[in-house]
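Structure file protein.tsv (TSV, C-alpha atoms) follows.
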```tsv
chain	number	residue	atom	x	y	z
R	16	MET	CA	-17.46	17.56	-4.65
R	17	SER	CA	-21.01	18.83	-4.73
R	18	THR	CA	-23.02	16.11	-3.09
R	19	THR	CA	-25.68	18.10	-1.33
R	20	GLU	CA	-28.69	16.06	-2.44
R	21	THR	CA	-27.48	12.74	-1.10
R	22	ALA	CA	-29.13	11.43	2.01
R	23	VAL	CA	-26.12	10.41	4.04
R	24	LYS	CA	-26.25	10.18	7.79
R	25	LYS	CA	-23.04	12.07	8.43
R	26	ASN	CA	-22.35	15.16	6.41
R	27	ILE	CA	-19.26	15.47	4.31
R	28	ILE	CA	-17.48	17.78	6.73
R	29	ASP	CA	-17.97	15.26	9.55
R	30	MET	CA	-16.67	12.44	7.41
R	31	PHE	CA	-13.66	14.50	6.38
R	32	ILE	CA	-12.85	15.48	9.94
R	33	ASP	CA	-13.27	11.90	11.16
R	34	GLY	CA	-10.94	10.68	8.44
R	35	MET	CA	-8.35	13.32	9.27
R	36	ARG	CA	-8.61	12.42	12.95
R	37	SER	CA	-7.78	8.82	12.14
R	38	GLY	CA	-5.03	10.12	9.85
R	39	LEU	CA	-3.57	12.07	12.76
R	40	ARG	CA	-3.74	9.01	14.98
R	41	ILE	CA	-2.01	6.84	12.37
R	42	ALA	CA	0.57	9.56	11.74
R	43	ILE	CA	1.44	9.96	15.40
R	44	THR	CA	1.19	6.40	16.67
R	45	ASN	CA	2.38	4.58	13.58
R	46	MET	CA	4.17	6.66	10.98
R	47	LEU	CA	6.20	8.90	13.30
R	48	PRO	CA	7.72	6.14	15.47
R	49	ASN	CA	8.55	4.13	12.35
R	50	VAL	CA	10.25	7.08	10.69
R	51	VAL	CA	12.18	8.04	13.82
R	52	LEU	CA	13.33	4.44	14.27
R	53	ALA	CA	14.44	4.27	10.65
R	54	PHE	CA	16.42	7.50	10.97
R	55	ILE	CA	18.08	6.25	14.17
R	56	LEU	CA	18.92	2.98	12.45
R	57	ILE	CA	20.48	4.66	9.44
R	58	ARG	CA	22.37	7.06	11.71
R	59	ALA	CA	23.70	4.10	13.72
R	60	LEU	CA	24.74	2.31	10.55
R	61	GLN	CA	26.42	5.46	9.25
R	62	VAL	CA	28.28	6.26	12.46
R	63	SER	CA	29.46	2.68	12.90
R	64	GLY	CA	30.59	2.44	9.30
R	65	LEU	CA	28.30	-0.53	8.73
R	66	LEU	CA	26.29	1.27	6.06
R	67	ASN	CA	29.43	1.55	3.97
R	68	LEU	CA	30.08	-2.13	4.44
R	69	ILE	CA	26.50	-3.06	3.54
R	70	GLY	CA	26.87	-0.87	0.47
R	71	LYS	CA	29.97	-2.76	-0.61
R	72	VAL	CA	28.69	-6.26	0.21
R	73	PHE	CA	25.27	-5.82	-1.39
R	74	GLY	CA	26.55	-3.63	-4.22
R	75	PRO	CA	26.81	-6.48	-6.74
R	76	VAL	CA	23.34	-7.85	-5.81
R	77	MET	CA	21.54	-4.50	-5.87
R	78	ALA	CA	23.32	-3.69	-9.13
R	79	LEU	CA	20.80	-6.08	-10.70
R	80	TRP	CA	18.28	-3.28	-10.17
R	81	ALA	CA	20.83	-0.53	-10.89
R	82	MET	CA	20.75	0.48	-7.24
R	83	PRO	CA	23.51	1.08	-4.69
R	84	GLY	CA	24.13	-1.73	-2.19
R	85	GLU	CA	22.74	0.38	0.66
R	86	ALA	CA	19.25	-0.07	-0.87
R	87	ALA	CA	19.30	-3.59	0.58
R	88	THR	CA	18.68	-2.06	4.01
R	89	VAL	CA	15.31	-0.78	2.71
R	90	LEU	CA	14.23	-4.30	1.78
R	91	VAL	CA	15.40	-5.78	5.08
R	92	ALA	CA	13.52	-3.06	6.99
R	93	ALA	CA	10.43	-3.60	4.81
R	94	PHE	CA	10.44	-7.26	5.81
R	95	MET	CA	9.88	-6.12	9.39
R	96	SER	CA	7.70	-3.07	8.89
R	97	MET	CA	6.28	-1.16	5.92
R	98	GLY	CA	6.70	2.18	7.68
R	99	GLY	CA	10.26	1.21	8.59
R	100	GLY	CA	11.09	0.41	4.96
R	101	VAL	CA	9.70	3.75	3.85
R	102	GLY	CA	11.60	5.58	6.61
R	103	VAL	CA	14.91	3.94	5.68
R	104	ALA	CA	14.34	4.79	2.00
R	105	ALA	CA	13.59	8.41	2.92
R	106	SER	CA	16.67	8.65	5.10
R	107	LEU	CA	18.91	7.17	2.39
R	108	TYR	CA	17.44	9.52	-0.20
R	109	LEU	CA	18.03	12.52	2.03
R	110	SER	CA	21.63	11.35	2.59
R	111	GLY	CA	22.06	11.44	-1.18
R	112	ILE	CA	22.52	7.68	-1.51
R	113	LEU	CA	19.32	6.84	-3.42
R	114	THR	CA	18.13	8.58	-6.59
R	115	PRO	CA	14.48	9.44	-7.38
R	116	ALA	CA	14.47	6.44	-9.76
R	117	ASP	CA	15.63	4.15	-6.93
R	118	VAL	CA	12.98	5.49	-4.56
R	119	SER	CA	10.28	5.08	-7.23
R	120	ALA	CA	11.25	1.43	-7.64
R	121	LEU	CA	11.51	0.76	-3.91
R	122	LEU	CA	8.18	2.38	-2.95
R	123	PRO	CA	5.84	-0.31	-4.33
R	124	ALA	CA	8.37	-3.04	-3.48
R	125	ILE	CA	8.23	-2.12	0.23
R	126	TYR	CA	4.46	-2.65	0.33
R	127	ILE	CA	4.38	-5.71	-1.93
R	128	MET	CA	6.84	-7.40	0.45
R	129	GLY	CA	3.80	-7.44	2.74
R	130	ASN	CA	5.62	-6.89	6.01
R	131	PRO	CA	5.72	-10.67	6.74
R	132	MET	CA	7.12	-10.19	10.25
R	133	GLN	CA	3.80	-8.65	11.37
R	134	ASN	CA	1.31	-9.69	8.74
R	135	VAL	CA	1.82	-13.43	8.90
R	136	GLY	CA	0.06	-13.14	12.23
R	137	ARG	CA	-2.28	-10.29	11.46
R	138	CYS	CA	-3.42	-11.49	8.05
R	139	LEU	CA	-2.73	-15.22	7.66
R	140	GLY	CA	-3.18	-15.98	11.36
R	141	THR	CA	-6.44	-14.05	11.67
R	142	ALA	CA	-7.88	-15.69	8.55
R	143	GLU	CA	-6.66	-19.07	9.87
R	144	VAL	CA	-4.75	-19.99	6.74
R	145	ASN	CA	-3.11	-23.41	7.03
R	146	THR	CA	0.35	-22.82	8.54
R	147	LYS	CA	1.99	-25.12	5.98
R	148	TYR	CA	1.49	-22.36	3.37
R	149	PHE	CA	3.10	-19.53	5.37
R	150	THR	CA	6.56	-20.02	3.85
R	151	VAL	CA	5.25	-20.21	0.29
R	152	ILE	CA	3.14	-17.07	0.75
R	153	THR	CA	6.09	-15.18	2.22
R	154	ALA	CA	8.29	-16.37	-0.64
R	155	ILE	CA	5.73	-15.16	-3.19
R	156	CYS	CA	5.68	-11.74	-1.51
R	157	ILE	CA	9.47	-11.45	-1.59
R	158	ILE	CA	9.74	-12.59	-5.21
R	159	ASN	CA	7.03	-10.15	-6.29
R	160	SER	CA	8.70	-7.37	-4.37
R	161	LEU	CA	11.93	-7.95	-6.30
R	162	LEU	CA	10.06	-8.23	-9.60
R	163	ALA	CA	8.23	-4.97	-8.86
R	164	MET	CA	11.54	-3.09	-8.69
R	165	TRP	CA	12.41	-4.23	-12.22
R	166	LEU	CA	8.94	-3.36	-13.48
R	167	MET	CA	9.17	0.11	-11.93
R	168	LYS	CA	12.62	0.72	-13.38
R	169	ALA	CA	11.24	-0.31	-16.78
R	170	LEU	CA	8.17	1.93	-16.37
R	171	LEU	CA	10.37	4.89	-15.42
R	172	VAL	CA	11.38	5.18	-19.06
R	173	LEU	CA	7.84	6.39	-19.78
R	174	PHE	CA	8.05	9.38	-17.44
P	13	MET	CA	-23.36	-13.98	-3.92
P	14	GLN	CA	-25.04	-14.28	-0.52
P	15	ASN	CA	-22.79	-11.68	0.95
P	16	GLU	CA	-24.14	-8.75	-0.97
P	17	LYS	CA	-25.69	-6.77	1.81
P	18	GLY	CA	-24.88	-3.16	1.32
P	19	THR	CA	-23.40	-3.68	-2.11
P	20	SER	CA	-25.78	-2.02	-4.49
P	21	GLU	CA	-28.67	-0.90	-2.29
P	22	ASN	CA	-27.35	2.56	-1.51
P	23	LEU	CA	-25.21	3.26	-4.52
P	24	THR	CA	-26.15	6.71	-5.74
P	25	TRP	CA	-24.69	8.95	-8.40
P	26	ALA	CA	-22.68	10.49	-5.56
P	27	SER	CA	-21.02	7.11	-4.97
P	28	TYR	CA	-19.90	6.95	-8.58
P	29	ALA	CA	-18.86	10.60	-8.53
P	30	ALA	CA	-16.84	9.97	-5.35
P	31	PHE	CA	-15.17	6.93	-6.88
P	32	ILE	CA	-14.17	8.76	-10.06
P	33	PHE	CA	-13.12	11.81	-8.05
P	34	ALA	CA	-10.82	9.68	-5.86
P	35	ILE	CA	-9.08	8.20	-8.87
P	36	ILE	CA	-8.59	11.58	-10.52
P	37	PHE	CA	-7.60	13.31	-7.30
P	38	PHE	CA	-4.85	10.86	-6.37
P	39	SER	CA	-3.73	10.10	-9.92
P	40	GLY	CA	-1.85	13.36	-10.40
P	41	ILE	CA	-3.39	13.91	-13.86
P	42	PHE	CA	-4.05	17.55	-13.05
P	43	ALA	CA	-0.90	18.11	-10.99
P	44	SER	CA	0.81	20.15	-13.68
P	45	SER	CA	-2.36	21.71	-15.03
P	46	LYS	CA	-1.96	25.47	-15.25
P	47	ASP	CA	-5.65	26.42	-15.02
P	48	TRP	CA	-8.37	25.89	-12.41
P	49	LEU	CA	-8.35	22.11	-13.00
P	50	GLN	CA	-5.37	21.81	-10.71
P	51	VAL	CA	-7.81	22.13	-7.82
P	52	PHE	CA	-8.54	18.44	-8.46
P	53	ASP	CA	-5.06	17.36	-7.45
P	54	PHE	CA	-3.93	15.97	-4.12
P	55	SER	CA	-0.41	17.36	-4.24
P	56	VAL	CA	-1.53	20.80	-5.41
P	57	LEU	CA	-3.94	21.13	-2.48
P	58	ASN	CA	-1.27	19.90	-0.08
P	59	GLY	CA	0.57	23.10	-0.86
P	60	SER	CA	3.96	23.71	0.68
P	61	PHE	CA	5.60	24.85	3.88
P	62	GLY	CA	6.82	28.39	4.18
P	63	LYS	CA	10.49	28.88	3.47
P	64	ILE	CA	13.05	30.31	5.84
P	65	THR	CA	16.03	32.12	4.42
P	66	GLY	CA	19.23	31.35	6.24
P	67	GLU	CA	22.90	32.09	5.88
P	68	ALA	CA	24.21	32.68	2.38
P	69	GLY	CA	20.65	33.15	1.14
P	70	LYS	CA	19.87	29.43	1.29
P	71	THR	CA	16.17	28.67	1.77
P	72	PHE	CA	14.74	25.73	3.65
P	73	THR	CA	11.66	24.64	5.61
P	74	PHE	CA	11.38	24.58	9.40
P	75	ARG	CA	13.09	21.20	9.31
P	76	GLY	CA	16.32	22.84	8.29
P	77	ILE	CA	19.19	21.21	6.41
P	78	GLY	CA	21.82	18.75	7.53
P	79	GLY	CA	19.97	17.17	10.45
P	80	SER	CA	20.35	13.50	11.27
P	81	GLY	CA	19.21	10.70	13.54
P	82	ALA	CA	16.14	10.70	15.77
P	83	ARG	CA	15.77	14.49	15.78
P	84	ASP	CA	15.83	14.79	12.01
P	85	GLY	CA	13.50	11.79	11.73
P	86	PHE	CA	11.04	13.45	14.07
P	87	MET	CA	11.06	16.73	12.14
P	88	PHE	CA	10.69	14.83	8.89
P	89	ALA	CA	7.69	12.94	10.30
P	90	ILE	CA	6.10	16.27	11.31
P	91	GLU	CA	6.49	17.45	7.73
P	92	LEU	CA	4.65	14.36	6.54
P	93	MET	CA	1.63	14.72	8.77
P	94	PRO	CA	-0.51	17.20	6.79
P	95	PRO	CA	-0.75	15.03	3.65
P	96	VAL	CA	-1.54	11.96	5.78
P	97	LEU	CA	-4.43	13.77	7.48
P	98	PHE	CA	-5.61	15.15	4.16
P	99	ALA	CA	-5.44	11.82	2.31
P	100	LEU	CA	-7.28	9.88	4.99
P	101	GLY	CA	-9.89	12.65	5.21
P	102	VAL	CA	-10.55	12.29	1.49
P	103	VAL	CA	-10.61	8.48	1.71
P	104	SER	CA	-13.12	8.75	4.55
P	105	VAL	CA	-15.44	11.00	2.49
P	106	VAL	CA	-15.13	8.75	-0.56
P	107	ASP	CA	-15.91	5.74	1.61
P	108	GLY	CA	-18.80	7.52	3.34
P	109	LEU	CA	-20.40	8.40	0.00
P	110	GLY	CA	-20.16	4.79	-1.11
P	111	GLY	CA	-17.21	5.24	-3.45
P	112	LEU	CA	-15.52	2.07	-2.20
P	113	LYS	CA	-18.74	0.13	-2.75
P	114	VAL	CA	-18.52	1.16	-6.40
P	115	ALA	CA	-15.10	-0.45	-6.48
P	116	GLN	CA	-16.62	-3.52	-4.87
P	117	LYS	CA	-19.43	-3.63	-7.43
P	118	LEU	CA	-16.97	-3.31	-10.30
P	119	MET	CA	-14.60	-5.93	-8.86
P	120	THR	CA	-17.12	-8.59	-7.81
P	121	PRO	CA	-17.66	-10.13	-11.27
P	122	LEU	CA	-13.91	-9.96	-11.90
P	123	LEU	CA	-12.86	-11.86	-8.79
P	124	LYS	CA	-13.31	-15.33	-10.24
P	125	PRO	CA	-11.37	-14.75	-13.48
P	126	LEU	CA	-8.78	-12.48	-11.86
P	127	ILE	CA	-7.83	-14.30	-8.67
P	128	GLY	CA	-10.04	-17.41	-8.66
P	129	VAL	CA	-12.23	-16.61	-5.66
P	130	PRO	CA	-16.03	-16.19	-5.72
P	131	GLY	CA	-17.85	-12.84	-5.78
P	132	SER	CA	-18.76	-13.28	-2.10
P	133	CYS	CA	-15.19	-12.15	-1.35
P	134	GLY	CA	-15.96	-8.65	-2.64
P	135	LEU	CA	-16.58	-7.09	0.75
P	136	ALA	CA	-13.41	-8.54	2.27
P	137	LEU	CA	-11.49	-7.41	-0.81
P	138	ILE	CA	-12.60	-3.83	-0.26
P	139	ALA	CA	-11.99	-4.07	3.51
P	140	ASN	CA	-8.43	-5.12	2.70
P	141	LEU	CA	-7.91	-1.75	1.00
P	142	GLN	CA	-8.19	-0.07	4.38
P	143	SER	CA	-7.33	-2.65	7.03
P	144	THR	CA	-5.32	-5.86	7.15
P	145	ASP	CA	-7.21	-7.14	10.16
P	146	ALA	CA	-10.71	-6.39	8.84
P	147	GLY	CA	-10.05	-8.15	5.54
P	148	ALA	CA	-8.53	-11.18	7.27
P	149	GLY	CA	-11.37	-11.39	9.82
P	150	MET	CA	-13.99	-11.32	7.07
P	151	THR	CA	-12.12	-14.02	5.17
P	152	LYS	CA	-12.20	-16.33	8.17
P	153	GLU	CA	-15.95	-15.75	8.38
P	154	LEU	CA	-16.41	-16.57	4.70
P	155	VAL	CA	-14.80	-19.97	5.30
P	156	GLN	CA	-16.85	-20.58	8.44
P	157	ARG	CA	-20.04	-19.82	6.55
P	158	GLY	CA	-18.98	-22.23	3.84
P	159	LEU	CA	-18.84	-19.53	1.16
P	160	ILE	CA	-15.24	-20.24	0.18
P	161	THR	CA	-13.05	-23.35	0.37
P	162	ASP	CA	-9.78	-23.72	2.24
P	163	ASP	CA	-7.81	-23.39	-1.01
P	164	GLU	CA	-9.72	-20.25	-1.95
P	165	ARG	CA	-8.90	-18.79	1.46
P	166	THR	CA	-5.18	-19.48	0.92
P	167	ILE	CA	-5.28	-17.83	-2.52
P	168	PHE	CA	-7.31	-14.88	-1.26
P	169	CYS	CA	-4.98	-14.32	1.70
P	170	THR	CA	-1.95	-14.37	-0.59
P	171	TYR	CA	-3.67	-11.51	-2.40
P	172	GLN	CA	-4.42	-9.73	0.87
P	173	ILE	CA	-1.09	-9.95	2.69
P	174	SER	CA	0.94	-8.38	-0.09
P	175	ALA	CA	0.51	-4.58	0.10
P	176	SER	CA	-2.22	-5.07	2.69
P	177	ALA	CA	-4.35	-2.13	3.81
P	178	THR	CA	-3.21	-0.72	0.49
P	179	ILE	CA	-4.89	2.68	0.58
P	180	THR	CA	-4.33	3.38	4.27
P	181	ASN	CA	-0.67	2.38	4.22
P	182	TYR	CA	0.17	4.01	0.92
P	183	PHE	CA	-1.40	7.32	1.92
P	184	SER	CA	0.09	7.33	5.40
P	185	SER	CA	3.63	5.95	5.46
P	186	GLY	CA	4.00	6.09	1.66
P	187	VAL	CA	3.57	9.85	1.77
P	188	ALA	CA	7.14	10.01	3.10
P	189	LEU	CA	8.41	9.15	-0.37
P	190	PHE	CA	5.87	10.98	-2.55
P	191	GLY	CA	8.15	13.97	-2.83
P	192	PHE	CA	11.12	11.89	-3.93
P	193	ILE	CA	9.66	9.77	-6.73
P	194	SER	CA	9.80	10.51	-10.42
P	195	VAL	CA	6.42	9.00	-11.40
P	196	PRO	CA	2.82	10.10	-10.67
P	197	ILE	CA	1.76	8.71	-7.29
P	198	ILE	CA	-0.87	6.46	-8.86
P	199	VAL	CA	1.77	4.42	-10.75
P	200	PRO	CA	3.26	2.59	-7.73
P	201	LEU	CA	-0.32	1.98	-6.54
P	202	ILE	CA	-1.26	0.28	-9.82
P	203	VAL	CA	1.95	-1.77	-9.69
P	204	MET	CA	1.01	-2.88	-6.16
P	205	PHE	CA	-2.41	-4.14	-7.29
P	206	PHE	CA	-0.82	-5.85	-10.27
P	207	PHE	CA	1.51	-7.82	-8.00
P	208	LYS	CA	-1.24	-8.58	-5.47
P	209	ILE	CA	-3.18	-10.24	-8.28
P	210	LEU	CA	-0.07	-11.91	-9.68
P	211	GLY	CA	0.76	-13.30	-6.21
P	212	ALA	CA	-2.71	-14.81	-5.84
P	213	ASN	CA	-2.27	-16.52	-9.19
P	214	MET	CA	1.16	-17.83	-8.23
P	215	MET	CA	-0.51	-19.40	-5.19
P	216	ARG	CA	-3.27	-20.75	-7.45
P	217	LEU	CA	-0.69	-22.49	-9.62
P	218	TYR	CA	1.19	-23.77	-6.58
P	219	LEU	CA	-1.97	-25.30	-5.09
P	220	LYS	CA	-2.82	-26.86	-8.43
P	221	ALA	CA	0.68	-28.31	-8.68
P	222	ILE	CA	0.68	-29.84	-5.20
P	223	SER	CA	-2.85	-31.22	-5.56
P	224	ARG	CA	-1.73	-32.97	-8.73
P	225	GLN	CA	1.24	-34.37	-6.81
P	226	GLU	CA	-0.90	-35.58	-3.94
P	227	MET	CA	-3.59	-37.02	-6.16
P	228	PRO	CA	-2.27	-40.61	-6.38
P	229	HIS	CA	-2.29	-40.95	-2.58
P	230	ASN	CA	-5.72	-39.48	-2.10
P	231	MET	CA	-7.36	-41.27	-4.98
P	232	PRO	CA	-10.19	-43.41	-3.64
P	233	VAL	CA	-9.67	-47.09	-4.33
P	234	GLY	CA	-12.17	-48.71	-6.65
P	235	LYS	CA	-15.12	-46.76	-7.94
```
Entire entry expressed as structure tokens:
Amino acid sequence: MSTTETAVKKNIIDMFIDGMRSGLRIAITNMLPNVVLAFILIRALQVSGLLNLIGKVFGPVMALWAMPGEAATVLVAAFMSMGGGVGVAASLYLSGILTPADVSALLPAIYIMGNPMQNVGRCLGTAEVNTKYFTVITAICIINSLLAMWLMKALLVLF
Amino acid sequence: MQNEKGTSENLTWASYAAFIFAIIFFSGIFASSKDWLQVFDFSVLNGSFGKITGEAGKTFTFRGIGGSGARDGFMFAIELMPPVLFALGVVSVVDGLGGLKVAQKLMTPLLKPLIGVPGSCGLALIANLQSTDAGAGMTKELVQRGLITDDERTIFCTYQISASATITNYFSSGVALFGFISVPIIVPLIVMFFFKILGANMMRLYLKAISRQEMPHNMPVGK
């Protein structure tokens, strides 16, 4: 972008470098541990045979979204951590369990779920929302997350 | 309306240019462009890792094939780092040039009809794009200063918690899945905003429903 004439305090290079620095910090302290944890988790589930079991048990439920039962692990992980949900989805895709269509549907769903385990405190707690609404807000997030997967699967037809 | 400091005072043409650039850059419109226009695409500029040719002529990146567990997760995370740095660098420039304030200016008049909170929530709304904590902190302040009611806070926070820190999260952890999806990367982002707004409205309806239920008890006696 040519933005030479603007009177900004920091120049564009500085801003870019600062942003990348915070990107590096987020990547190392947040994304990487989440991804590693997710890969360990999936490995543990695979080795123990639990992933197979989860696939069978949740198969009929996840079939509502035309997904394999194993996809349920993504949603459970997303409830606890957005990065974890993404990591589990990546690991399942790389193991050949999820298709690109499944991943496309799960990606927004992971974020819409809103990571209630952490964000009830960080968002609702910080803003001092009345605690009697916490359950309803969490329920709305979960419902929307499930609806988003249908919407994405429907939108996929366009691409 | 009181909370407009920094909204329109330093919006220059560069702010608008930065805002439009960000949308184009991350939308993937020029991803498959064959000419010079592809320079305006995030994934094109991310490039690719060099390939290593192994046994039987198979090619792969430094991560290799067939890894698993913590080690594979670590290598995968390393692969993801460049786009995270790049995306947050771009977001920082767009923010620094006032591009996010353009979003705020465009959204402020829409807040009331869209999610039922006053325009004074604009700044917190934009903060929520980058940080869960910043948006939530500002919301608490809005209530303390009497700019929004308790119900408005509940509705606004329902908007905020779902896909919170939208841009930061999507362009850091979300990057892990960008290579595996079959839609342009802007599509899941739009879907996220759609459901954030829908969620706020579900809360709006819920609050309306319970206030109607509680009405008979709270109704003042007499005049």
Spatial neighbours of stretch 158-166 of chain R, max dist 9 Å, all atoms listed in the file, sep filter under 3 positions, as a ChimeraX atom specification = /R:79-80,90,117,119-129,153-155,169-171 /P:174,203-204,207-208,210-211
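Among the candidate residues R:Leu68, R:Met35, R:Leu107, R:Ile112, the one lying nearest to chain P is R:Met35, with distances computed using all atoms listed in the file.
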Find the residues near stretch 76-83 of chain P: any atom within 6 Å, counting all atoms listed in the file, skip ones fewer than 4 places away on the same chain, and give them as an MDAnalysis selection string.
-> (chainID R and resid 51 54:55 58) or (chainID P and resid 72)
Contacts of R:Asn130 at 12 Å or less, counting only C-alpha atoms, minus same-chain residues fewer than 2 places along, as a PyMOL selection string?
-> (chain R and resi 89-101+124-128+132-139+152-154+156-157+160) or (chain P and resi 144+172-177+181)
Just C-alpha atoms for this one: save the residues we selected as an mmCIF file, in the coordinates of the input.
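Saved as part_22.cif:
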```cif
data_model
loop_
_atom_site.group_PDB
_atom_site.id
_atom_site.type_symbol
_atom_site.label_atom_id
_atom_site.label_comp_id
_atom_site.auth_asym_id
_atom_site.auth_seq_id
_atom_site.Cartn_x
_atom_site.Cartn_y
_atom_site.Cartn_z
ATOM 1 C CA VAL R 89 15.310 -0.780 2.710
ATOM 2 C CA LEU R 90 14.230 -4.300 1.780
ATOM 3 C CA VAL R 91 15.400 -5.780 5.080
ATOM 4 C CA ALA R 92 13.520 -3.060 6.990
ATOM 5 C CA ALA R 93 10.430 -3.600 4.810
ATOM 6 C CA PHE R 94 10.440 -7.260 5.810
ATOM 7 C CA MET R 95 9.880 -6.120 9.390
ATOM 8 C CA SER R 96 7.700 -3.070 8.890
ATOM 9 C CA MET R 97 6.280 -1.160 5.920
ATOM 10 C CA GLY R 98 6.700 2.180 7.680
ATOM 11 C CA GLY R 99 10.260 1.210 8.590
ATOM 12 C CA GLY R 100 11.090 0.410 4.960
ATOM 13 C CA VAL R 101 9.700 3.750 3.850
ATOM 14 C CA ALA R 124 8.370 -3.040 -3.480
ATOM 15 C CA ILE R 125 8.230 -2.120 0.230
ATOM 16 C CA TYR R 126 4.460 -2.650 0.330
ATOM 17 C CA ILE R 127 4.380 -5.710 -1.930
ATOM 18 C CA MET R 128 6.840 -7.400 0.450
ATOM 19 C CA MET R 132 7.120 -10.190 10.250
ATOM 20 C CA GLN R 133 3.800 -8.650 11.370
ATOM 21 C CA ASN R 134 1.310 -9.690 8.740
ATOM 22 C CA VAL R 135 1.820 -13.430 8.900
ATOM 23 C CA GLY R 136 0.060 -13.140 12.230
ATOM 24 C CA ARG R 137 -2.280 -10.290 11.460
ATOM 25 C CA CYS R 138 -3.420 -11.490 8.050
ATOM 26 C CA LEU R 139 -2.730 -15.220 7.660
ATOM 27 C CA ILE R 152 3.140 -17.070 0.750
ATOM 28 C CA THR R 153 6.090 -15.180 2.220
ATOM 29 C CA ALA R 154 8.290 -16.370 -0.640
ATOM 30 C CA CYS R 156 5.680 -11.740 -1.510
ATOM 31 C CA ILE R 157 9.470 -11.450 -1.590
ATOM 32 C CA SER R 160 8.700 -7.370 -4.370
ATOM 33 C CA THR P 144 -5.320 -5.860 7.150
ATOM 34 C CA GLN P 172 -4.420 -9.730 0.870
ATOM 35 C CA ILE P 173 -1.090 -9.950 2.690
ATOM 36 C CA SER P 174 0.940 -8.380 -0.090
ATOM 37 C CA ALA P 175 0.510 -4.580 0.100
ATOM 38 C CA SER P 176 -2.220 -5.070 2.690
ATOM 39 C CA ALA P 177 -4.350 -2.130 3.810
ATOM 40 C CA ASN P 181 -0.670 2.380 4.220
#
```
Distance atom CA of R:Met82-atom CA of P:Phe205, one decimal place?
-> 23.6 Å
Using all atoms listed in the file, select each residue of chain P with any atom at most 7 Å away from an atom of chain R, and give the selection as a PDB file with C-alpha atoms, keeping the file's coordinate frame.
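Okay, selection-v1.pdb is ready:
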```pdb
ATOM      1  CA  ALA P  26     -22.680  10.490  -5.560  1.00  0.00           C
ATOM      2  CA  SER P  80      20.350  13.500  11.270  1.00  0.00           C
ATOM      3  CA  GLY P  81      19.210  10.700  13.540  1.00  0.00           C
ATOM      4  CA  ALA P  82      16.140  10.700  15.770  1.00  0.00           C
ATOM      5  CA  GLY P  85      13.500  11.790  11.730  1.00  0.00           C
ATOM      6  CA  PHE P  86      11.040  13.450  14.070  1.00  0.00           C
ATOM      7  CA  ALA P  89       7.690  12.940  10.300  1.00  0.00           C
ATOM      8  CA  MET P  93       1.630  14.720   8.770  1.00  0.00           C
ATOM      9  CA  VAL P  96      -1.540  11.960   5.780  1.00  0.00           C
ATOM     10  CA  LEU P  97      -4.430  13.770   7.480  1.00  0.00           C
ATOM     11  CA  PHE P  98      -5.610  15.150   4.160  1.00  0.00           C
ATOM     12  CA  LEU P 100      -7.280   9.880   4.990  1.00  0.00           C
ATOM     13  CA  GLY P 101      -9.890  12.650   5.210  1.00  0.00           C
ATOM     14  CA  VAL P 102     -10.550  12.290   1.490  1.00  0.00           C
ATOM     15  CA  SER P 104     -13.120   8.750   4.550  1.00  0.00           C
ATOM     16  CA  VAL P 105     -15.440  11.000   2.490  1.00  0.00           C
ATOM     17  CA  GLY P 108     -18.800   7.520   3.340  1.00  0.00           C
ATOM     18  CA  THR P 144      -5.320  -5.860   7.150  1.00  0.00           C
ATOM     19  CA  ASP P 145      -7.210  -7.140  10.160  1.00  0.00           C
ATOM     20  CA  ALA P 148      -8.530 -11.180   7.270  1.00  0.00           C
ATOM     21  CA  GLY P 149     -11.370 -11.390   9.820  1.00  0.00           C
ATOM     22  CA  THR P 151     -12.120 -14.020   5.170  1.00  0.00           C
ATOM     23  CA  LYS P 152     -12.200 -16.330   8.170  1.00  0.00           C
ATOM     24  CA  ARG P 165      -8.900 -18.790   1.460  1.00  0.00           C
ATOM     25  CA  THR P 166      -5.180 -19.480   0.920  1.00  0.00           C
ATOM     26  CA  CYS P 169      -4.980 -14.320   1.700  1.00  0.00           C
ATOM     27  CA  THR P 170      -1.950 -14.370  -0.590  1.00  0.00           C
ATOM     28  CA  ILE P 173      -1.090  -9.950   2.690  1.00  0.00           C
ATOM     29  CA  SER P 174       0.940  -8.380  -0.090  1.00  0.00           C
ATOM     30  CA  ALA P 175       0.510  -4.580   0.100  1.00  0.00           C
ATOM     31  CA  SER P 176      -2.220  -5.070   2.690  1.00  0.00           C
ATOM     32  CA  SER P 184       0.090   7.330   5.400  1.00  0.00           C
ATOM     33  CA  SER P 185       3.630   5.950   5.460  1.00  0.00           C
ATOM     34  CA  GLY P 186       4.000   6.090   1.660  1.00  0.00           C
ATOM     35  CA  ALA P 188       7.140  10.010   3.100  1.00  0.00           C
ATOM     36  CA  LEU P 189       8.410   9.150  -0.370  1.00  0.00           C
ATOM     37  CA  PHE P 192      11.120  11.890  -3.930  1.00  0.00           C
ATOM     38  CA  ILE P 193       9.660   9.770  -6.730  1.00  0.00           C
ATOM     39  CA  SER P 194       9.800  10.510 -10.420  1.00  0.00           C
ATOM     40  CA  VAL P 195       6.420   9.000 -11.400  1.00  0.00           C
ATOM     41  CA  PRO P 200       3.260   2.590  -7.730  1.00  0.00           C
ATOM     42  CA  LEU P 201      -0.320   1.980  -6.540  1.00  0.00           C
ATOM     43  CA  VAL P 203       1.950  -1.770  -9.690  1.00  0.00           C
ATOM     44  CA  MET P 204       1.010  -2.880  -6.160  1.00  0.00           C
ATOM     45  CA  PHE P 207       1.510  -7.820  -8.000  1.00  0.00           C
ATOM     46  CA  GLY P 211       0.760 -13.300  -6.210  1.00  0.00           C
TER      47      GLY P 211
END
```
